[in-house]
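Everything below belongs to start.pdb, which stores PDB, C-alpha atoms, pLDDT in the B column.
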ATOM      1  CA  MET A   1     -12.729  -9.225  -6.371  1.00 86.00           C
ATOM      2  CA  THR A   2     -13.204  -6.712  -3.585  1.00 91.00           C
ATOM      3  CA  PRO A   3     -11.909  -3.144  -3.903  1.00 93.00           C
ATOM      4  CA  ARG A   4      -9.377  -3.641  -1.093  1.00 93.00           C
ATOM      5  CA  LYS A   5      -8.033  -6.820  -2.702  1.00 95.00           C
ATOM      6  CA  GLU A   6      -7.753  -5.136  -6.099  1.00 96.00           C
ATOM      7  CA  LEU A   7      -5.873  -2.231  -4.521  1.00 96.00           C
ATOM      8  CA  PHE A   8      -3.368  -4.610  -2.898  1.00 97.00           C
ATOM      9  CA  THR A   9      -2.840  -6.799  -5.971  1.00 97.00           C
ATOM     10  CA  LYS A  10      -2.387  -3.825  -8.337  1.00 97.00           C
ATOM     11  CA  ILE A  11       0.184  -2.225  -6.012  1.00 97.00           C
ATOM     12  CA  GLN A  12       2.006  -5.531  -5.530  1.00 97.00           C
ATOM     13  CA  GLU A  13       2.087  -6.154  -9.292  1.00 97.00           C
ATOM     14  CA  ALA A  14       3.315  -2.607 -10.057  1.00 97.00           C
ATOM     15  CA  LEU A  15       6.153  -2.906  -7.541  1.00 96.00           C
ATOM     16  CA  LYS A  16       7.207  -6.388  -8.673  1.00 95.00           C
ATOM     17  CA  ASN A  17       7.277  -5.291 -12.318  1.00 95.00           C
ATOM     18  CA  GLY A  18       8.625  -1.779 -11.783  1.00 93.00           C
ATOM     19  CA  VAL A  19      11.301  -2.284  -9.116  1.00 92.00           C
ATOM     20  CA  GLN A  20      13.296  -5.462  -9.733  1.00 90.00           C
ATOM     21  CA  GLU A  21      15.616  -4.763  -6.760  1.00 87.00           C
ATOM     22  CA  LEU A  22      12.827  -5.607  -4.308  1.00 89.00           C
ATOM     23  CA  GLU A  23      13.150  -9.149  -2.990  1.00 88.00           C
ATOM     24  CA  LEU A  24       9.768  -9.243  -1.249  1.00 88.00           C
ATOM     25  CA  VAL A  25       6.535  -7.346  -1.902  1.00 92.00           C
ATOM     26  CA  ASP A  26       3.884  -8.416   0.584  1.00 92.00           C
ATOM     27  CA  LEU A  27       1.108  -7.333   2.907  1.00 92.00           C
ATOM     28  CA  GLN A  28       2.292  -5.606   6.080  1.00 91.00           C
ATOM     29  CA  ARG A  29       2.082  -8.212   8.841  1.00 87.00           C
ATOM     30  CA  LYS A  30       4.668  -6.648  11.183  1.00 84.00           C
ATOM     31  CA  GLN A  31       7.416  -8.854   9.734  1.00 81.00           C
ATOM     32  CA  PHE A  32      10.118  -6.452  10.946  1.00 78.00           C
ATOM     33  CA  ALA A  33       8.675  -5.759  14.401  1.00 76.00           C
ATOM     34  CA  ASN A  34      10.113  -8.846  16.140  1.00 69.00           C
ATOM     35  CA  PRO A  35      12.304  -7.754  19.074  1.00 59.00           C
ATOM     36  CA  GLU A  36      14.448 -10.907  18.800  1.00 67.00           C
ATOM     37  CA  LYS A  37      15.472  -9.732  15.309  1.00 62.00           C
ATOM     38  CA  ASN A  38      14.175 -12.843  13.596  1.00 65.00           C
ATOM     39  CA  TYR A  39      13.615 -10.815  10.476  1.00 65.00           C
ATOM     40  CA  PRO A  40      12.579 -12.347   7.171  1.00 64.00           C
ATOM     41  CA  SER A  41      15.378 -13.613   4.975  1.00 66.00           C
ATOM     42  CA  TYR A  42      14.483 -10.938   2.418  1.00 63.00           C
ATOM     43  CA  TRP A  43      16.268  -7.736   3.326  1.00 75.00           C
ATOM     44  CA  THR A  44      15.030  -5.443   0.584  1.00 85.00           C
ATOM     45  CA  SER A  45      11.287  -5.519   1.080  1.00 89.00           C
ATOM     46  CA  ALA A  46       8.236  -3.397   0.391  1.00 94.00           C
ATOM     47  CA  LEU A  47       5.311  -4.042   2.707  1.00 94.00           C
ATOM     48  CA  ILE A  48       1.849  -2.727   1.834  1.00 97.00           C
ATOM     49  CA  ASP A  49      -0.530  -1.507   4.554  1.00 96.00           C
ATOM     50  CA  ILE A  50      -4.058  -0.493   3.516  1.00 96.00           C
ATOM     51  CA  LYS A  51      -5.452   1.734   6.246  1.00 95.00           C
ATOM     52  CA  ALA A  52      -9.102   1.912   7.279  1.00 93.00           C
ATOM     53  CA  ILE A  53     -11.408   3.236   4.573  1.00 92.00           C
ATOM     54  CA  ARG A  54     -13.899   5.985   5.432  1.00 92.00           C
ATOM     55  CA  TRP A  55     -17.000   5.054   3.417  1.00 92.00           C
ATOM     56  CA  GLU A  56     -19.782   7.445   2.392  1.00 92.00           C
ATOM     57  CA  SER A  57     -23.040   6.336   0.795  1.00 88.00           C
ATOM     58  CA  MET A  58     -23.884   7.395  -2.729  1.00 88.00           C
ATOM     59  CA  VAL A  59     -26.895   6.837  -4.976  1.00 86.00           C
ATOM     60  CA  GLU A  60     -27.690   3.542  -6.689  1.00 83.00           C
ATOM     61  CA  ASN A  61     -26.324   1.341  -3.876  1.00 85.00           C
ATOM     62  CA  LYS A  62     -22.749   2.540  -4.242  1.00 90.00           C
ATOM     63  CA  GLN A  63     -20.230   3.751  -1.709  1.00 93.00           C
ATOM     64  CA  GLU A  64     -17.190   5.977  -2.100  1.00 95.00           C
ATOM     65  CA  GLY A  65     -14.352   5.850   0.365  1.00 95.00           C
ATOM     66  CA  GLU A  66     -11.196   7.778   1.055  1.00 96.00           C
ATOM     67  CA  CYS A  67      -8.287   5.440   1.532  1.00 95.00           C
ATOM     68  CA  THR A  68      -4.651   5.788   2.577  1.00 96.00           C
ATOM     69  CA  VAL A  69      -2.114   3.150   1.594  1.00 97.00           C
ATOM     70  CA  ASP A  70       1.315   2.994   3.233  1.00 97.00           C
ATOM     71  CA  VAL A  71       4.115   1.271   1.335  1.00 97.00           C
ATOM     72  CA  THR A  72       7.181   0.816   3.536  1.00 94.00           C
ATOM     73  CA  LEU A  73      10.615   0.028   2.149  1.00 92.00           C
ATOM     74  CA  TYR A  74      12.863  -2.016   4.462  1.00 87.00           C
ATOM     75  CA  CYS A  75      16.605  -2.321   3.787  1.00 82.00           C
ATOM     76  CA  LYS A  76      19.385  -3.871   5.820  1.00 74.00           C
ATOM     77  CA  ASP A  77      22.110  -1.623   4.398  1.00 63.00           C
ATOM     78  CA  GLY A  78      20.385   1.640   5.172  1.00 57.00           C
ATOM     79  CA  TRP A  79      21.002   5.292   5.893  1.00 52.00           C
ATOM     80  CA  LEU A  80      23.712   4.726   8.528  1.00 49.00           C
ATOM     81  CA  ASP A  81      26.237   3.322   6.067  1.00 50.00           C
ATOM     82  CA  GLN A  82      26.041   6.484   4.008  1.00 48.00           C
ATOM     83  CA  HIS A  83      27.684   8.350   6.850  1.00 44.00           C
ATOM     84  CA  ASP A  84      30.079   5.626   8.044  1.00 48.00           C
ATOM     85  CA  GLY A  85      31.391   4.656   4.627  1.00 49.00           C
ATOM     86  CA  THR A  86      29.662   2.088   2.502  1.00 52.00           C
ATOM     87  CA  ALA A  87      30.375  -0.624  -0.025  1.00 59.00           C
ATOM     88  CA  ASP A  88      27.660   0.817  -2.247  1.00 60.00           C
ATOM     89  CA  THR A  89      29.162   1.925  -5.556  1.00 62.00           C
ATOM     90  CA  ASN A  90      26.488   4.616  -5.752  1.00 63.00           C
ATOM     91  CA  GLY A  91      27.882   6.469  -2.739  1.00 62.00           C
ATOM     92  CA  GLY A  92      25.347   4.973  -0.371  1.00 59.00           C
ATOM     93  CA  LEU A  93      22.368   6.421  -2.192  1.00 73.00           C
ATOM     94  CA  THR A  94      20.860   3.233  -3.582  1.00 77.00           C
ATOM     95  CA  GLU A  95      17.955   3.506  -1.139  1.00 82.00           C
ATOM     96  CA  ILE A  96      17.025   6.873  -2.614  1.00 84.00           C
ATOM     97  CA  ASP A  97      16.983   5.307  -6.078  1.00 86.00           C
ATOM     98  CA  LEU A  98      14.695   2.555  -4.743  1.00 89.00           C
ATOM     99  CA  ILE A  99      12.331   5.077  -3.177  1.00 92.00           C
ATOM    100  CA  ASP A 100      12.169   7.088  -6.396  1.00 94.00           C
ATOM    101  CA  ALA A 101      11.524   3.933  -8.444  1.00 95.00           C
ATOM    102  CA  MET A 102       8.719   2.931  -6.066  1.00 96.00           C
ATOM    103  CA  VAL A 103       7.101   6.360  -6.386  1.00 96.00           C
ATOM    104  CA  GLU A 104       7.351   6.224 -10.182  1.00 96.00           C
ATOM    105  CA  SER A 105       5.729   2.771 -10.209  1.00 96.00           C
ATOM    106  CA  LEU A 106       2.834   3.733  -7.936  1.00 97.00           C
ATOM    107  CA  GLN A 107       2.106   7.400  -8.642  1.00 96.00           C
ATOM    108  CA  PHE A 108      -1.163   7.620 -10.623  1.00 96.00           C
ATOM    109  CA  LEU A 109      -1.699   3.838 -10.578  1.00 97.00           C
ATOM    110  CA  LYS A 110      -5.432   3.152 -10.940  1.00 96.00           C
ATOM    111  CA  GLY A 111      -7.784   0.208 -11.085  1.00 95.00           C
ATOM    112  CA  ASP A 112     -11.405  -0.693 -11.707  1.00 95.00           C
ATOM    113  CA  TYR A 113     -12.405   0.108  -8.118  1.00 95.00           C
ATOM    114  CA  PHE A 114     -10.045   2.966  -7.259  1.00 96.00           C
ATOM    115  CA  LYS A 115      -8.961   6.308  -8.696  1.00 97.00           C
ATOM    116  CA  PRO A 116      -5.269   7.118  -9.355  1.00 97.00           C
ATOM    117  CA  LEU A 117      -2.969   6.937  -6.334  1.00 97.00           C
ATOM    118  CA  GLU A 118      -1.375  10.215  -5.277  1.00 97.00           C
ATOM    119  CA  LEU A 119       1.666  10.502  -3.050  1.00 97.00           C
ATOM    120  CA  SER A 120       0.598  12.395   0.077  1.00 96.00           C
ATOM    121  CA  ASN A 121       3.398  11.875   2.614  1.00 96.00           C
ATOM    122  CA  GLU A 122       6.844  10.386   3.161  1.00 95.00           C
ATOM    123  CA  SER A 123       8.535   9.505   6.438  1.00 93.00           C
ATOM    124  CA  SER A 124      11.695   7.774   7.582  1.00 86.00           C
ATOM    125  CA  GLU A 125      11.891   5.592  10.651  1.00 76.00           C
ATOM    126  CA  ASP A 126      14.717   3.326  11.753  1.00 65.00           C
ATOM    127  CA  VAL A 127      13.502  -0.015  13.103  1.00 61.00           C
ATOM    128  CA  ASP A 128      16.880  -0.544  14.722  1.00 64.00           C
ATOM    129  CA  SER A 129      20.525   0.048  13.841  1.00 61.00           C
ATOM    130  CA  GLU A 130      20.519  -2.812  11.294  1.00 68.00           C
ATOM    131  CA  ILE A 131      17.375  -1.989   9.323  1.00 75.00           C
ATOM    132  CA  MET A 132      16.147   1.267   7.858  1.00 80.00           C
ATOM    133  CA  SER A 133      12.582   1.879   6.790  1.00 86.00           C
ATOM    134  CA  TYR A 134      11.003   4.555   4.657  1.00 90.00           C
ATOM    135  CA  THR A 135       7.238   4.896   4.311  1.00 94.00           C
ATOM    136  CA  LEU A 136       5.451   6.304   1.285  1.00 97.00           C
ATOM    137  CA  SER A 137       1.796   7.226   1.884  1.00 97.00           C
ATOM    138  CA  PHE A 138      -0.625   7.362  -1.023  1.00 97.00           C
ATOM    139  CA  THR A 139      -4.260   8.468  -1.003  1.00 97.00           C
ATOM    140  CA  THR A 140      -7.045   7.445  -3.348  1.00 97.00           C
ATOM    141  CA  LEU A 141     -10.799   7.298  -3.703  1.00 96.00           C
ATOM    142  CA  ILE A 142     -12.152   3.769  -3.717  1.00 96.00           C
ATOM    143  CA  TYR A 143     -15.591   2.542  -4.803  1.00 95.00           C
ATOM    144  CA  ARG A 144     -17.826  -0.431  -4.113  1.00 92.00           C
ATOM    145  CA  ARG A 145     -21.361  -1.570  -4.674  1.00 88.00           C
ATOM    146  CA  VAL A 146     -23.409  -2.640  -1.657  1.00 85.00           C
ATOM    147  CA  ASN A 147     -26.488  -4.804  -1.443  1.00 81.00           C
ATOM    148  CA  PRO A 148     -29.687  -2.792  -1.808  1.00 77.00           C
ATOM    149  CA  ARG A 149     -31.449  -2.064   1.420  1.00 73.00           C
ATOM    150  CA  TYR A 150     -34.851  -2.328  -0.170  1.00 76.00           C
ATOM    151  CA  SER A 151     -36.130  -4.373  -3.085  1.00 78.00           C
ATOM    152  CA  ASN A 152     -38.836  -3.559  -5.584  1.00 81.00           C
ATOM    153  CA  ARG A 153     -42.030  -5.542  -5.196  1.00 82.00           C
ATOM    154  CA  THR A 154     -45.432  -5.294  -6.758  1.00 86.00           C
ATOM    155  CA  ILE A 155     -48.301  -4.794  -4.401  1.00 84.00           C
ATOM    156  CA  THR A 156     -51.818  -5.846  -5.206  1.00 87.00           C
ATOM    157  CA  ILE A 157     -54.825  -4.508  -3.429  1.00 88.00           C
ATOM    158  CA  ASN A 158     -57.827  -6.799  -3.102  1.00 87.00           C
ATOM    159  CA  PRO A 159     -61.143  -4.907  -3.082  1.00 78.00           C
TER
END
As structure tokens, the full file:
Amino acid sequence: MTPRKELFTKIQEALKNGVQELELVDLQRKQFANPEKNYPSYWTSALIDIKAIRWESMVENKQEGECTVDVTLYCKDGWLDQHDGTADTNGGLTEIDLIDAMVESLQFLKGDYFKPLELSNESSEDVDSEIMSYTLSFTTLIYRRVNPRYSNRTITINP
């Protein structure tokens, strides 16, 4: 398994097991960016986006990289209903509970190829008036082994 794949599968597993309210936990493929509003049938979704990794070489054919992972929560019944009156029995604050549960599931999650995730940023962005989104950004150090550039060989000298 590659480090990037392990990072995705561990995050997906932690969210599926830790936040049962999520209907879809998947890789970010711009599912909610369609201008015709042909959104997925799952309205409470967490989409995982692993950003580019900045690799640095280490000794013994290893590399260390700094990685940012964005996990975006999408909800149909979002922030707007909190102000306009909502059917949510929690006073329209269910999304905040979801965000907190996601952070609790992912904060300090670690794997074989990456160090514990640390929450580094949060941001809110409305896709449109029907869907709200909230992005949690986590940073981690990630490791991999690369093929050796040189191989050991014995050299014989003929006199």
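Taking atom CA of A:Leu106 and atom CA of A:Lys76 as the two end points, the separation is 22.8 Å.
The residues caught by the PyMOL selection byres ((chain A and resi 59) around 12) in this file are A:Glu56, A:Ser57, A:Met58, A:Glu60, A:Asn61, A:Lys62, A:Gln63, A:Glu64, A:Arg144, A:Arg145, A:Val146, A:Pro148, A:Arg149.
Relative to atom CA of A:Thr9, atom CA of A:Ser124 is found at 24.6 Å.
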Could you list as a ChimeraX atom specification every residue that has an atom within 9 Å of (-1.7, 4.2, -5.9), using the file's coordinates and counting all atoms listed in the file?
/A:7,10-11,69,105-111,114-119,138-140
Do you know which residues are at most 10 Å from A:Leu47 counting all atoms listed in the file, after dropping those on the same chain fewer than 4 positions away, and could you put them as a PyMOL selection string?
chain A and resi 12+24-32+70-74+135
Emit the selected residues as a PDB file, keeping the file's coordinate frame, including C-alpha atoms.
ATOM      1  CA  GLN A  12       2.006  -5.531  -5.530  1.00 97.00           C
ATOM      2  CA  LEU A  24       9.768  -9.243  -1.249  1.00 88.00           C
ATOM      3  CA  VAL A  25       6.535  -7.346  -1.902  1.00 92.00           C
ATOM      4  CA  ASP A  26       3.884  -8.416   0.584  1.00 92.00           C
ATOM      5  CA  LEU A  27       1.108  -7.333   2.907  1.00 92.00           C
ATOM      6  CA  GLN A  28       2.292  -5.606   6.080  1.00 91.00           C
ATOM      7  CA  ARG A  29       2.082  -8.212   8.841  1.00 87.00           C
ATOM      8  CA  LYS A  30       4.668  -6.648  11.183  1.00 84.00           C
ATOM      9  CA  GLN A  31       7.416  -8.854   9.734  1.00 81.00           C
ATOM     10  CA  PHE A  32      10.118  -6.452  10.946  1.00 78.00           C
ATOM     11  CA  ASP A  70       1.315   2.994   3.233  1.00 97.00           C
ATOM     12  CA  VAL A  71       4.115   1.271   1.335  1.00 97.00           C
ATOM     13  CA  THR A  72       7.181   0.816   3.536  1.00 94.00           C
ATOM     14  CA  LEU A  73      10.615   0.028   2.149  1.00 92.00           C
ATOM     15  CA  TYR A  74      12.863  -2.016   4.462  1.00 87.00           C
ATOM     16  CA  THR A 135       7.238   4.896   4.311  1.00 94.00           C
TER      17      THR A 135
END
By how many Å are atom CA of A:Leu22 and atom CA of A:Leu93 apart?
15.5 Å
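For the file at hand, the PyMOL selection byres ((chain A and resi 96-101) around 9) resolves to Leu15, Gly18, Val19, Glu21, Leu22, Leu73, Gly92, Leu93, Thr94, Glu95, Met102, Val103, Glu104, Ser105, Leu106, Tyr134 and Leu136 of chain A.
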The PyMOL selection byres ((chain A and resi 44) around 6) - which residues does that actually catch in the file I just gave you? List them as a compact mmCIF listing (two decimals) with C-alpha atoms, in the coordinates of the input.
# COMPACT_ATOMS: atom_id res chain seq x y z
CA LEU A 22 12.83 -5.61 -4.31
CA GLU A 23 13.15 -9.15 -2.99
CA TYR A 42 14.48 -10.94 2.42
CA TRP A 43 16.27 -7.74 3.33
CA SER A 45 11.29 -5.52 1.08
CA TYR A 74 12.86 -2.02 4.46
CA CYS A 75 16.60 -2.32 3.79
